[in-house]
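Asks: What follows is data_5.txt, made up of compact mmCIF, C-alpha atoms and all ligand atoms:
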# COMPACT_ATOMS: atom_id res chain seq x y z
CA MET O 76 0.00 0.00 0.00
CA ARG O 77 1.16 3.55 -0.82
CA VAL O 78 -0.09 6.88 0.50
CA ALA O 79 -1.15 9.35 -2.21
CA THR O 80 -2.55 12.85 -2.36
CA TYR O 81 -3.13 15.72 -4.76
CA ALA O 82 -0.06 17.97 -4.98
CA SER O 83 -1.33 21.11 -3.24
CA HIS O 84 -2.90 22.30 0.05
CA SER O 85 -1.34 20.10 2.78
CA ALA O 86 0.35 17.49 0.58
CA LEU O 87 3.85 18.25 1.89
CA GLN O 88 2.74 17.52 5.42
CA ILE O 89 0.65 14.45 4.53
CA LEU O 90 3.43 12.83 2.50
CA LYS O 91 6.14 13.69 5.05
CA GLY O 92 3.99 12.14 7.77
CA ALA O 93 3.46 9.03 5.66
CA LYS O 94 7.19 8.66 5.04
CA ASP O 95 7.87 9.05 8.76
CA GLU O 96 5.55 6.08 9.30
CA GLY O 97 7.42 4.03 6.71
CA PHE O 98 5.06 4.31 3.73
CA GLU O 99 6.09 4.91 0.13
CA THR O 100 4.38 8.08 -1.15
CA VAL O 101 2.72 9.37 -4.33
CA ALA O 102 1.88 12.95 -5.34
CA PHE O 103 -0.24 13.69 -8.41
CA GLY O 104 -1.10 17.03 -10.01
CA PRO O 105 0.17 19.58 -12.55
CA SER O 106 3.72 18.93 -13.81
CA ARG O 107 4.84 22.45 -12.84
CA VAL O 108 4.78 21.60 -9.11
CA LYS O 109 6.71 18.32 -9.44
CA PRO O 110 9.99 19.90 -8.23
CA LEU O 111 8.24 21.12 -5.09
CA TYR O 112 7.46 17.57 -4.01
CA THR O 113 10.50 15.76 -5.42
CA LYS O 114 13.41 18.25 -5.43
CA TYR O 115 12.88 21.17 -3.02
CA PHE O 116 10.97 19.09 -0.47
CA PRO O 117 11.56 15.43 -1.38
CA VAL O 118 8.46 13.93 0.24
CA ALA O 119 7.04 12.15 -2.83
CA ASP O 120 8.59 8.87 -4.01
CA HIS O 121 6.41 9.01 -7.15
CA PHE O 122 4.97 11.99 -9.02
CA ILE O 123 2.20 11.42 -11.56
CA GLU O 124 0.91 14.18 -13.80
CA GLY O 125 -2.87 14.65 -13.79
CA ALA O 126 -5.79 15.78 -11.63
CA TYR O 127 -6.72 12.19 -10.79
CA PRO O 128 -4.70 9.50 -12.62
CA GLU O 129 -6.92 6.61 -11.55
CA GLU O 130 -5.23 3.75 -13.42
CA GLU O 131 -1.73 4.64 -12.21
CA LEU O 132 -2.97 5.04 -8.65
CA LEU O 133 -4.66 1.63 -8.76
CA GLU O 134 -1.48 0.07 -10.11
CA LEU O 135 0.53 1.59 -7.27
CA GLU O 136 -2.02 0.28 -4.72
CA ALA O 137 -2.46 3.82 -3.48
CA VAL O 138 -4.84 5.12 -0.83
CA VAL O 139 -5.90 8.73 -1.49
CA ILE O 140 -5.90 11.18 1.41
CA PRO O 141 -8.50 13.83 0.47
CA THR O 142 -7.78 17.54 0.85
CA GLY O 143 -9.87 20.60 0.03
CA SER O 144 -7.88 21.06 -3.19
CA PHE O 145 -8.40 17.46 -4.30
CA VAL O 146 -12.18 17.63 -3.81
CA ALA O 147 -12.36 21.07 -5.46
CA HIS O 148 -10.31 19.93 -8.47
CA ILE O 149 -12.08 16.71 -9.27
CA GLY O 150 -15.54 17.56 -7.89
CA VAL O 151 -17.79 15.79 -5.39
CA GLU O 152 -19.45 13.58 -8.03
CA LEU O 153 -16.21 12.07 -9.25
CA VAL O 154 -14.94 11.64 -5.69
CA GLU O 155 -18.07 9.63 -4.89
CA LYS O 156 -17.41 7.34 -7.86
CA MET O 157 -13.64 6.96 -7.57
CA ARG O 158 -12.26 3.41 -7.53
CA VAL O 159 -9.06 4.18 -5.66
CA PRO O 160 -9.54 3.65 -1.90
CA TYR O 161 -10.27 6.93 -0.09
CA TYR O 162 -9.50 7.66 3.56
CA GLY O 163 -12.65 8.96 5.27
CA ASN O 164 -16.41 8.75 4.94
CA LYS O 165 -17.57 9.93 1.50
CA ALA O 166 -21.16 10.32 2.75
CA VAL O 167 -19.97 13.41 4.61
CA LEU O 168 -19.26 15.27 1.33
CA ARG O 169 -22.95 15.92 0.59
CA TRP O 170 -23.66 17.14 4.09
CA GLU O 171 -20.74 19.48 4.00
CA SER O 172 -21.23 20.95 0.53
CA ASP O 173 -24.89 21.91 1.08
CA ARG O 174 -25.26 24.89 3.42
CA SER O 175 -28.63 23.81 4.81
CA LEU O 176 -27.56 20.19 5.45
CA GLU O 177 -24.36 21.46 7.06
CA ARG O 178 -26.41 23.68 9.33
CA GLN O 179 -28.72 20.79 10.25
CA TRP O 180 -25.67 18.74 11.26
CA LEU O 181 -24.11 21.51 13.37
CA GLU O 182 -27.46 22.32 14.98
CA LYS O 183 -27.92 18.69 15.91
CA ALA O 184 -24.51 18.86 17.58
CA GLY O 185 -25.83 21.74 19.69
CA LEU O 186 -23.34 24.31 18.39
CA ARG O 187 -23.90 28.03 18.63
CA LEU O 188 -24.27 29.16 14.99
CA PRO O 189 -24.64 32.66 13.54
CA ARG O 190 -28.27 33.66 13.06
CA ILE O 191 -29.47 33.45 9.46
CA TYR O 192 -31.70 36.23 8.14
CA GLU O 193 -34.19 34.97 5.56
CA ASP O 194 -35.57 38.47 5.13
CA PRO O 195 -33.11 41.37 4.75
CA ASP O 196 -35.78 43.74 6.02
CA GLU O 197 -35.33 42.11 9.43
CA ILE O 198 -31.61 43.03 9.66
CA ASP O 199 -31.18 44.60 13.09
CA GLY O 200 -27.42 44.34 13.64
CA PRO O 201 -24.20 43.69 11.72
CA VAL O 202 -24.48 40.98 9.03
CA ILE O 203 -22.07 39.31 6.61
CA VAL O 204 -23.55 38.56 3.20
CA LYS O 205 -22.13 35.51 1.42
CA PRO O 206 -22.90 34.86 -2.24
CA PHE O 207 -23.37 31.11 -2.83
CA GLY O 208 -20.39 29.48 -4.48
CA ALA O 209 -18.03 32.31 -3.53
CA ARG O 210 -14.50 31.17 -2.80
CA GLY O 211 -12.12 32.82 -0.41
CA GLY O 212 -14.72 35.30 0.72
CA ARG O 213 -14.81 37.02 -2.71
CA GLY O 214 -17.87 39.20 -2.99
CA TYR O 215 -18.72 38.98 0.73
CA PHE O 216 -19.87 42.26 2.21
CA LEU O 217 -20.90 43.61 5.58
CA ALA O 218 -24.12 45.51 6.18
CA SER O 219 -25.85 46.93 9.20
CA SER O 220 -29.44 47.74 8.17
CA PRO O 221 -31.99 46.76 5.49
CA GLU O 222 -31.24 49.96 3.51
CA ASP O 223 -27.52 49.31 3.67
CA PHE O 224 -28.11 45.71 2.52
CA TRP O 225 -30.21 46.62 -0.52
CA LYS O 226 -27.78 49.33 -1.57
CA LYS O 227 -24.74 47.03 -1.42
CA ALA O 228 -26.50 43.91 -2.77
CA GLU O 229 -27.22 45.65 -6.05
CA ARG O 230 -23.74 45.00 -7.38
CA LEU O 231 -24.39 41.23 -6.99
CA GLY O 232 -27.56 41.59 -9.04
CA VAL O 233 -29.75 41.22 -5.94
CA ARG O 234 -32.48 43.85 -6.31
CA LYS O 235 -35.64 42.16 -5.03
CA LYS O 236 -36.64 39.32 -2.70
CA GLU O 237 -36.74 36.77 -5.54
CA ASP O 238 -32.99 37.28 -6.05
CA LEU O 239 -32.18 36.31 -2.46
CA SER O 240 -31.46 32.68 -3.35
CA LYS O 241 -28.08 33.96 -4.58
CA VAL O 242 -26.88 34.93 -1.12
CA GLN O 243 -26.90 33.93 2.52
CA ILE O 244 -27.23 36.67 5.14
CA GLN O 245 -25.54 35.73 8.42
CA GLU O 246 -25.26 37.57 11.69
CA TYR O 247 -21.71 39.03 11.77
CA VAL O 248 -20.27 37.76 15.02
CA ILE O 249 -17.71 40.06 16.60
CA GLY O 250 -14.86 38.00 17.96
CA VAL O 251 -11.48 36.56 17.06
CA PRO O 252 -11.24 33.79 14.47
CA VAL O 253 -10.18 30.41 15.85
CA TYR O 254 -9.94 27.16 13.88
CA PRO O 255 -9.42 24.05 16.03
CA HIS O 256 -8.19 20.95 14.19
CA TYR O 257 -9.37 17.55 15.39
CA PHE O 258 -8.65 13.93 14.59
CA TYR O 259 -11.17 11.23 15.33
CA SER O 260 -9.67 7.77 15.39
CA LYS O 261 -12.35 5.34 14.31
CA LEU O 262 -10.06 2.41 15.14
CA ASN O 263 -9.64 3.54 18.75
CA GLY O 264 -12.98 5.38 19.14
CA LYS O 265 -11.13 8.47 20.40
CA LEU O 266 -11.10 12.17 19.60
CA GLU O 267 -7.81 14.10 19.66
CA LEU O 268 -7.14 17.84 19.51
CA MET O 269 -4.31 18.25 17.01
CA SER O 270 -3.69 22.01 16.75
CA VAL O 271 -5.35 25.40 16.35
CA ASP O 272 -4.76 28.18 13.81
CA ARG O 273 -6.10 31.44 12.59
CA ARG O 274 -5.93 32.52 8.98
CA TYR O 275 -3.86 35.33 7.55
CA GLU O 276 -6.23 36.85 5.03
CA SER O 277 -5.81 39.50 2.37
CA ASN O 278 -7.13 42.10 2.57
CA ALA O 279 -9.02 41.53 5.87
CA ASP O 280 -5.74 41.51 7.79
CA ALA O 281 -4.44 44.53 5.87
CA ILE O 282 -7.23 46.91 6.71
CA GLY O 283 -6.06 47.43 10.31
CA ARG O 284 -2.80 48.88 8.91
CA ILE O 285 -4.65 51.79 7.33
CA PRO O 286 -5.95 54.62 9.53
CA ALA O 287 -9.77 54.75 9.77
CA ARG O 288 -10.06 58.11 8.00
CA GLU O 289 -8.12 56.84 4.99
CA GLN O 290 -10.04 53.57 4.98
CA ALA O 291 -13.23 55.57 4.50
CA GLU O 292 -11.64 57.70 1.76
CA LEU O 293 -10.32 54.67 -0.12
CA GLY O 294 -13.70 52.90 -0.11
CA ILE O 295 -12.08 49.50 0.52
CA THR O 296 -14.22 46.36 0.52
CA THR O 297 -13.18 43.30 2.51
CA ASP O 298 -11.78 40.15 0.91
CA TYR O 299 -10.79 37.03 2.83
CA THR O 300 -8.26 35.40 0.52
CA VAL O 301 -6.20 33.04 2.63
CA ILE O 302 -2.48 33.73 2.22
CA GLY O 303 -1.20 31.69 5.14
CA ASN O 304 -1.98 30.31 8.57
CA ILE O 305 -0.83 31.40 12.00
CA PRO O 306 -0.60 29.04 15.00
CA VAL O 307 -2.80 29.75 17.99
CA VAL O 308 -2.50 28.31 21.47
CA LEU O 309 -5.81 28.60 23.28
CA ARG O 310 -6.35 29.75 26.80
CA GLU O 311 -6.39 26.48 28.77
CA SER O 312 -9.84 27.06 30.24
CA LEU O 313 -11.29 26.96 26.70
CA LEU O 314 -9.92 23.52 25.84
CA MET O 315 -12.65 21.50 27.53
CA ASP O 316 -15.29 23.46 25.55
CA ILE O 317 -13.44 22.86 22.31
CA LEU O 318 -13.13 19.13 22.99
CA GLU O 319 -16.76 18.68 24.03
CA THR O 320 -17.84 20.55 20.91
CA GLY O 321 -15.77 18.19 18.75
CA GLU O 322 -17.24 15.14 20.50
CA ARG O 323 -20.78 16.35 19.77
CA VAL O 324 -19.98 16.93 16.10
CA VAL O 325 -18.69 13.34 15.81
CA LYS O 326 -21.74 11.97 17.62
CA ALA O 327 -24.16 13.91 15.40
CA ALA O 328 -22.30 12.60 12.32
CA GLU O 329 -22.69 9.03 13.58
CA GLU O 330 -26.44 9.52 13.80
CA LEU O 331 -26.83 11.39 10.50
CA MET O 332 -24.31 10.01 8.02
CA GLY O 333 -22.59 6.93 9.38
CA GLY O 334 -19.76 8.78 11.08
CA LEU O 335 -16.99 11.30 10.62
CA TRP O 336 -13.46 10.02 11.02
CA GLY O 337 -9.95 11.26 10.42
CA PRO O 338 -9.13 14.98 10.54
CA PHE O 339 -11.72 17.75 10.62
CA CYS O 340 -11.89 21.40 11.57
CA LEU O 341 -14.46 23.78 12.99
CA GLU O 342 -14.23 27.34 11.74
CA GLY O 343 -15.57 30.00 14.04
CA VAL O 344 -14.95 32.97 16.27
CA PHE O 345 -14.60 33.33 20.02
CA THR O 346 -16.63 36.22 21.40
CA PRO O 347 -15.58 38.34 24.40
CA ASP O 348 -17.98 36.17 26.46
CA MET O 349 -15.81 33.19 25.52
CA GLU O 350 -18.53 31.65 23.41
CA PHE O 351 -17.40 29.71 20.33
CA VAL O 352 -19.66 30.54 17.38
CA VAL O 353 -19.10 28.22 14.42
CA PHE O 354 -19.80 29.18 10.83
CA GLU O 355 -18.36 26.20 9.00
CA ILE O 356 -17.02 22.66 9.27
CA SER O 357 -14.30 21.18 7.05
CA ALA O 358 -14.59 17.42 7.23
CA ARG O 359 -10.99 16.65 6.25
CA ILE O 360 -7.47 17.93 6.82
CA VAL O 361 -7.28 21.74 6.61
CA ALA O 362 -4.27 23.78 5.52
CA GLY O 363 -4.29 25.37 8.98
CA THR O 364 -2.49 22.22 10.19
CA ASN O 365 0.54 23.11 8.01
CA PRO O 366 2.42 25.15 10.65
CA PHE O 367 2.62 21.93 12.70
CA VAL O 368 4.69 19.62 10.45
CA HIS O 369 6.85 18.97 13.50
CA GLY O 370 3.87 18.54 15.83
CA SER O 371 1.92 21.04 17.91
CA PRO O 372 1.82 21.85 21.64
CA TYR O 373 -1.25 19.58 21.86
CA THR O 374 0.17 16.57 20.04
CA TRP O 375 3.38 16.96 22.05
CA LEU O 376 1.37 16.60 25.26
CA LYS O 377 0.09 13.24 24.08
CA TYR O 378 2.92 11.73 22.03
CA ASP O 379 6.63 11.77 22.76
CA PHE O 380 7.57 12.12 19.10
CA PRO O 381 6.50 14.88 16.65
CA VAL O 382 3.00 14.19 15.31
CA SER O 383 1.46 16.36 12.59
CA THR O 384 -2.06 15.71 11.36
CA GLY O 385 -0.50 14.17 8.24
CA ARG O 386 1.53 11.78 10.35
CA ARG O 387 -1.52 10.97 12.52
CA ILE O 388 -3.39 9.89 9.37
CA ALA O 389 -0.49 7.60 8.45
CA MET O 390 -0.41 6.17 11.99
CA GLU O 391 -4.10 5.27 11.65
CA LEU O 392 -3.49 3.61 8.27
CA LYS O 393 -0.60 1.64 9.73
CA GLN O 394 -2.73 0.48 12.64
CA GLY O 395 -5.48 -0.51 10.20
CA LEU O 396 -2.96 -2.57 8.21
CA GLU O 397 -1.47 -4.23 11.28
CA GLU O 398 -4.87 -5.09 12.77
CA ASP O 399 -6.34 -6.03 9.39
CA ARG O 400 -9.09 -3.42 9.84
CA LEU O 401 -8.29 -1.06 6.94
CA GLU O 402 -11.73 -1.59 5.40
CA LYS O 403 -13.27 0.15 8.43
CA ILE O 404 -11.62 3.47 7.56
CA LEU O 405 -11.44 3.39 3.74
CA THR O 406 -14.41 4.02 1.43
P1 LIG O 501 -13.85 28.30 3.09
O1 LIG O 501 -13.45 28.02 4.50
O2 LIG O 501 -14.83 27.33 2.55
O3 LIG O 501 -12.69 28.58 2.19
P2 LIG O 501 -14.33 31.08 2.77
O4 LIG O 501 -12.95 31.42 3.14
O5 LIG O 501 -14.76 31.31 1.37
O6 LIG O 501 -14.70 29.63 3.20
P3 LIG O 501 -15.75 31.79 5.15
O7 LIG O 501 -14.89 30.87 5.91
O8 LIG O 501 -17.20 31.55 5.12
O9 LIG O 501 -15.28 31.95 3.65
O10 LIG O 501 -15.50 33.27 5.68
C1 LIG O 501 -14.38 34.07 5.36
C2 LIG O 501 -14.00 34.94 6.55
O11 LIG O 501 -15.11 35.72 7.00
C3 LIG O 501 -13.55 34.12 7.73
O12 LIG O 501 -12.19 34.30 7.94
C4 LIG O 501 -14.28 34.64 8.92
O13 LIG O 501 -13.38 35.21 9.84
C5 LIG O 501 -15.22 35.67 8.40
N1 LIG O 501 -16.60 35.28 8.74
C6 LIG O 501 -17.37 34.40 8.06
N2 LIG O 501 -18.60 34.28 8.63
C7 LIG O 501 -18.59 35.10 9.68
C8 LIG O 501 -19.57 35.43 10.67
N3 LIG O 501 -20.80 34.91 10.65
N4 LIG O 501 -19.23 36.33 11.62
C9 LIG O 501 -17.99 36.89 11.62
N5 LIG O 501 -17.04 36.63 10.73
C10 LIG O 501 -17.33 35.75 9.76
Could you write out this structure as structure tokens?
Ligand code: ATP

Replies:
Amino acid sequence: MRVATYASHSALQILKGAKDEGFETVAFGPSRVKPLYTKYFPVADHFIEGAYPEEELLELEAVVIPTGSFVAHIGVELVEKMRVPYYGNKAVLRWESDRSLERQWLEKAGLRLPRIYEDPDEIDGPVIVKPFGARGGRGYFLASSPEDFWKKAERLGVRKKEDLSKVQIQEYVIGVPVYPHYFYSKLNGKLELMSVDRRYESNADAIGRIPAREQAELGITTDYTVIGNIPVVLRESLLMDILETGERVVKAAEELMGGLWGPFCLEGVFTPDMEFVVFEISARIVAGTNPFVHGSPYTWLKYDFPVSTGRRIAMELKQGLEEDRLEKILT
């Protein structure tokens, strides 16, 4: 068996972790990035050109570790049909890619979610407006009243209530962004906290560098294009909350979709009242785990060798092989 992933996102970490656990590794993707994975950072033993070279992967007896880039490049439908073994539960993809199913799942887990406004005329506080299908926060805008909403929504072609299916209007929660990364071991029935990050976003993180008066003069709108990730260590009294929240998400997934296993991440903000408000779940490894190639403060508390999320995935695969239980974690 070989460990394979799409050459982007968190592939360096995944393949390094797999090598550390003794696996041979495979990266696949556009030929331009081959040197990244074979020369500058030699983590891939094989590099295959292509978005999803199924026959070659089958020949190499590869297991694919999904990332956000892999799913985005080949699409949910093809992922559901792929013949190469996939680490994780594919049933989760539908729940995650549909905003109302995702909300149902997180509500069942008892999470505090931002309020959704169905009717913009009810806006009575700050809101963030998200066009459906937007990536990286492109086209998001903030509004504070119905008038403000209708004025700003015009540039998205939203002029009347019938156009509202193009956008989601969420309560804008004031707080600091925090993204905890979890790993649920299906083989051991245990949840682990792997690490925590916040994103470094352009231009959201640039606006604070410009004085307020000039911000107003420049008429800047906010974008949330992720440029990198910054490690966060949480106040210790928040850890129990974060762990219990993760446990409830796993439990709800068991009831709704046959389980969630492997890495996942909750994306939210912590308010000044220390409440964690979640606006999204990523049901696979997130790039926010990349600062922790050599382990995180949390994995170091549990293991006495450096464990990244990528390596933790490989440890689970190795255990599955040794105990002859791989079929429990591959779909
Ligand atoms: P993805 O994680 O799928 O790439 P995205 O980056 O396109 O999503 P979101 O994660 O929805 O977009 O949001 C982008 C940014 O906007 C986040 O960094 C977050 O800090 C902020 N944000 C999103 N929703 C809210 C909210 N309800 N309240 C406050 N801030 C929010």

Asks: Taking 3 positions as the minimum chain separation for residues in the same chain, which residues sit within 7 Å of region 136-143 of chain O when counting all atoms listed in the file? Answer as a PyMOL selection string.

Replies: chain O and resi 76-80+84+132-133+146-147+159-162+359-360

Asks: So which residues are near ligand LIG 501 (chain O), meaning at most 6 Å away with only C-alpha atoms and all ligand atoms counted, given back as a list in words?

Replies: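 Going residue by residue within 6 Å of ligand LIG 501 (chain O), we get Pro189, Ala209, Arg210, Gly211, Gly212, Gln245, Glu246, Tyr247, Val248, Ile249, Pro252, Tyr299 and Phe354 of chain O.
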
Asks: Could those residues be written to a file, using C-alpha atoms, as a compact mmCIF listing (two decimals), keeping the file's coordinate frame?

Replies:
# COMPACT_ATOMS: atom_id res chain seq x y z
CA PRO O 189 -24.64 32.66 13.54
CA ALA O 209 -18.03 32.31 -3.53
CA ARG O 210 -14.50 31.17 -2.80
CA GLY O 211 -12.12 32.82 -0.41
CA GLY O 212 -14.72 35.30 0.72
CA GLN O 245 -25.54 35.73 8.42
CA GLU O 246 -25.26 37.57 11.69
CA TYR O 247 -21.71 39.03 11.77
CA VAL O 248 -20.27 37.76 15.02
CA ILE O 249 -17.71 40.06 16.60
CA PRO O 252 -11.24 33.79 14.47
CA TYR O 299 -10.79 37.03 2.83
CA PHE O 354 -19.80 29.18 10.83

Asks: Quick one: distance from CA of Ser357 (chain O) to CA of Gly104 (chain O) in Å, one decimal?

Replies: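 These two atoms are separated by 22.0 Å.
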
Asks: Taking (-20.0, 7.3, 9.7) in the file's coordinates, which residues come within 10 Å, counting all atoms listed in the file, written as a list in words?

Replies: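 So the residues meeting the distance criterion are Gly163, Asn164, Lys165, Ala166, Val167, Lys261, Val325, Lys326, Ala327, Ala328, Glu329, Glu330, Leu331, Met332, Gly333, Gly334, Leu335, Trp336, Lys403 and Ile404 of chain O.
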
Asks: Keeping C-alpha atoms for every residue in the selection just given, could you write it to a file as a short mmCIF file (atom, residue, chain, number, x, y, z; two decimals), in the coordinates of the input?

Replies:
data_model
loop_
_atom_site.label_atom_id
_atom_site.label_comp_id
_atom_site.auth_asym_id
_atom_site.auth_seq_id
_atom_site.Cartn_x
_atom_site.Cartn_y
_atom_site.Cartn_z
CA GLY O 163 -12.65 8.96 5.27
CA ASN O 164 -16.41 8.75 4.94
CA LYS O 165 -17.57 9.93 1.50
CA ALA O 166 -21.16 10.32 2.75
CA VAL O 167 -19.97 13.41 4.61
CA LYS O 261 -12.35 5.34 14.31
CA VAL O 325 -18.69 13.34 15.81
CA LYS O 326 -21.74 11.97 17.62
CA ALA O 327 -24.16 13.91 15.40
CA ALA O 328 -22.30 12.60 12.32
CA GLU O 329 -22.69 9.03 13.58
CA GLU O 330 -26.44 9.52 13.80
CA LEU O 331 -26.83 11.39 10.50
CA MET O 332 -24.31 10.01 8.02
CA GLY O 333 -22.59 6.93 9.38
CA GLY O 334 -19.76 8.78 11.08
CA LEU O 335 -16.99 11.30 10.62
CA TRP O 336 -13.46 10.02 11.02
CA LYS O 403 -13.27 0.15 8.43
CA ILE O 404 -11.62 3.47 7.56
#

Asks: Can I get the residues of region 84-136 of chain O within 12 Å of region 363-373 of chain O, each with the closest pair of atoms and their distance in Å to one decimal, using all atoms listed in the file, sorted chain first then ascending number, as a Markdown table?

Replies:
| residue | atom | partner | partner_atom | distance |
| --- | --- | --- | --- | --- |
| O:His84 | CA | O:Asn365 | CA | 8.7 |
| O:Ser85 | CA | O:Asn365 | CA | 6.3 |
| O:Ala86 | CA | O:Asn365 | CA | 9.3 |
| O:Leu87 | CA | O:Asn365 | CA | 8.5 |
| O:Gln88 | CA | O:Val368 | CA | 5.8 |
| O:Ile89 | CA | O:Val368 | CA | 8.8 |
| O:Leu90 | CA | O:Val368 | CA | 10.5 |
| O:Lys91 | CA | O:Val368 | CA | 8.2 |
| O:Gly92 | CA | O:Val368 | CA | 8.0 |
| O:Ala93 | CA | O:Val368 | CA | 11.7 |
| O:Asp95 | CA | O:His369 | CA | 11.0 |

Asks: Nearest to Tyr254 (chain O) among O:Ser83, O:Gln179, O:Asn304, O:Ser383, with distances taken over all atoms listed in the file: which residue is it?

Replies: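 The closest residue to Tyr254 (chain O) is O:Asn304.
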
Asks: Could you check how far CA of Leu181 (chain O) sits from CA of Val324 (chain O), in Å to one decimal?

Replies: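 Those two atoms sit 6.7 Å apart.
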
Asks: In Å, with one decimal, what is the gap from CA of Glu155 (chain O) to CA of Ser175 (chain O)?

Replies: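 Here the two named atoms are 20.2 Å from each other.
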
Asks: Grab all the atoms of region 347-356 of chain O that the file lists, wrap them in a box along x, y and z, add 6 Å per side, and give me centre plus edge lengths in Å (one decimal) as AutoDock Vina command-line options.

Replies:
--center_x -17.7 --center_y 30.5 --center_z 17.7 --size_x 16.2 --size_y 27.7 --size_z 29.5

Asks: In file coordinates, which residues lie within 9 Å of (-4.8, 13.0, 10.3) using all atoms listed in the file, given as a PDB file with C-alpha atoms, in the coordinates of the input?

Replies:
ATOM      1  CA  ILE O  89       0.650  14.450   4.530  1.00  0.00           C
ATOM      2  CA  TYR O 257      -9.370  17.550  15.390  1.00  0.00           C
ATOM      3  CA  PHE O 258      -8.650  13.930  14.590  1.00  0.00           C
ATOM      4  CA  TYR O 259     -11.170  11.230  15.330  1.00  0.00           C
ATOM      5  CA  SER O 260      -9.670   7.770  15.390  1.00  0.00           C
ATOM      6  CA  MET O 269      -4.310  18.250  17.010  1.00  0.00           C
ATOM      7  CA  GLY O 337      -9.950  11.260  10.420  1.00  0.00           C
ATOM      8  CA  PRO O 338      -9.130  14.980  10.540  1.00  0.00           C
ATOM      9  CA  PHE O 339     -11.720  17.750  10.620  1.00  0.00           C
ATOM     10  CA  ARG O 359     -10.990  16.650   6.250  1.00  0.00           C
ATOM     11  CA  ILE O 360      -7.470  17.930   6.820  1.00  0.00           C
ATOM     12  CA  SER O 383       1.460  16.360  12.590  1.00  0.00           C
ATOM     13  CA  THR O 384      -2.060  15.710  11.360  1.00  0.00           C
ATOM     14  CA  GLY O 385      -0.500  14.170   8.240  1.00  0.00           C
ATOM     15  CA  ARG O 386       1.530  11.780  10.350  1.00  0.00           C
ATOM     16  CA  ARG O 387      -1.520  10.970  12.520  1.00  0.00           C
ATOM     17  CA  ILE O 388      -3.390   9.890   9.370  1.00  0.00           C
ATOM     18  CA  ALA O 389      -0.490   7.600   8.450  1.00  0.00           C
ATOM     19  CA  MET O 390      -0.410   6.170  11.990  1.00  0.00           C
ATOM     20  CA  GLU O 391      -4.100   5.270  11.650  1.00  0.00           C
TER      21      GLU O 391
END

Asks: Pick out the residues sitting within 6 Å of Glu276 (chain O), and hand them over as a VMD selection string; count all atoms listed in the file, and ignore anything fewer than 6 positions along from it in its own chain.

Replies: chain O and resid 299 to 302
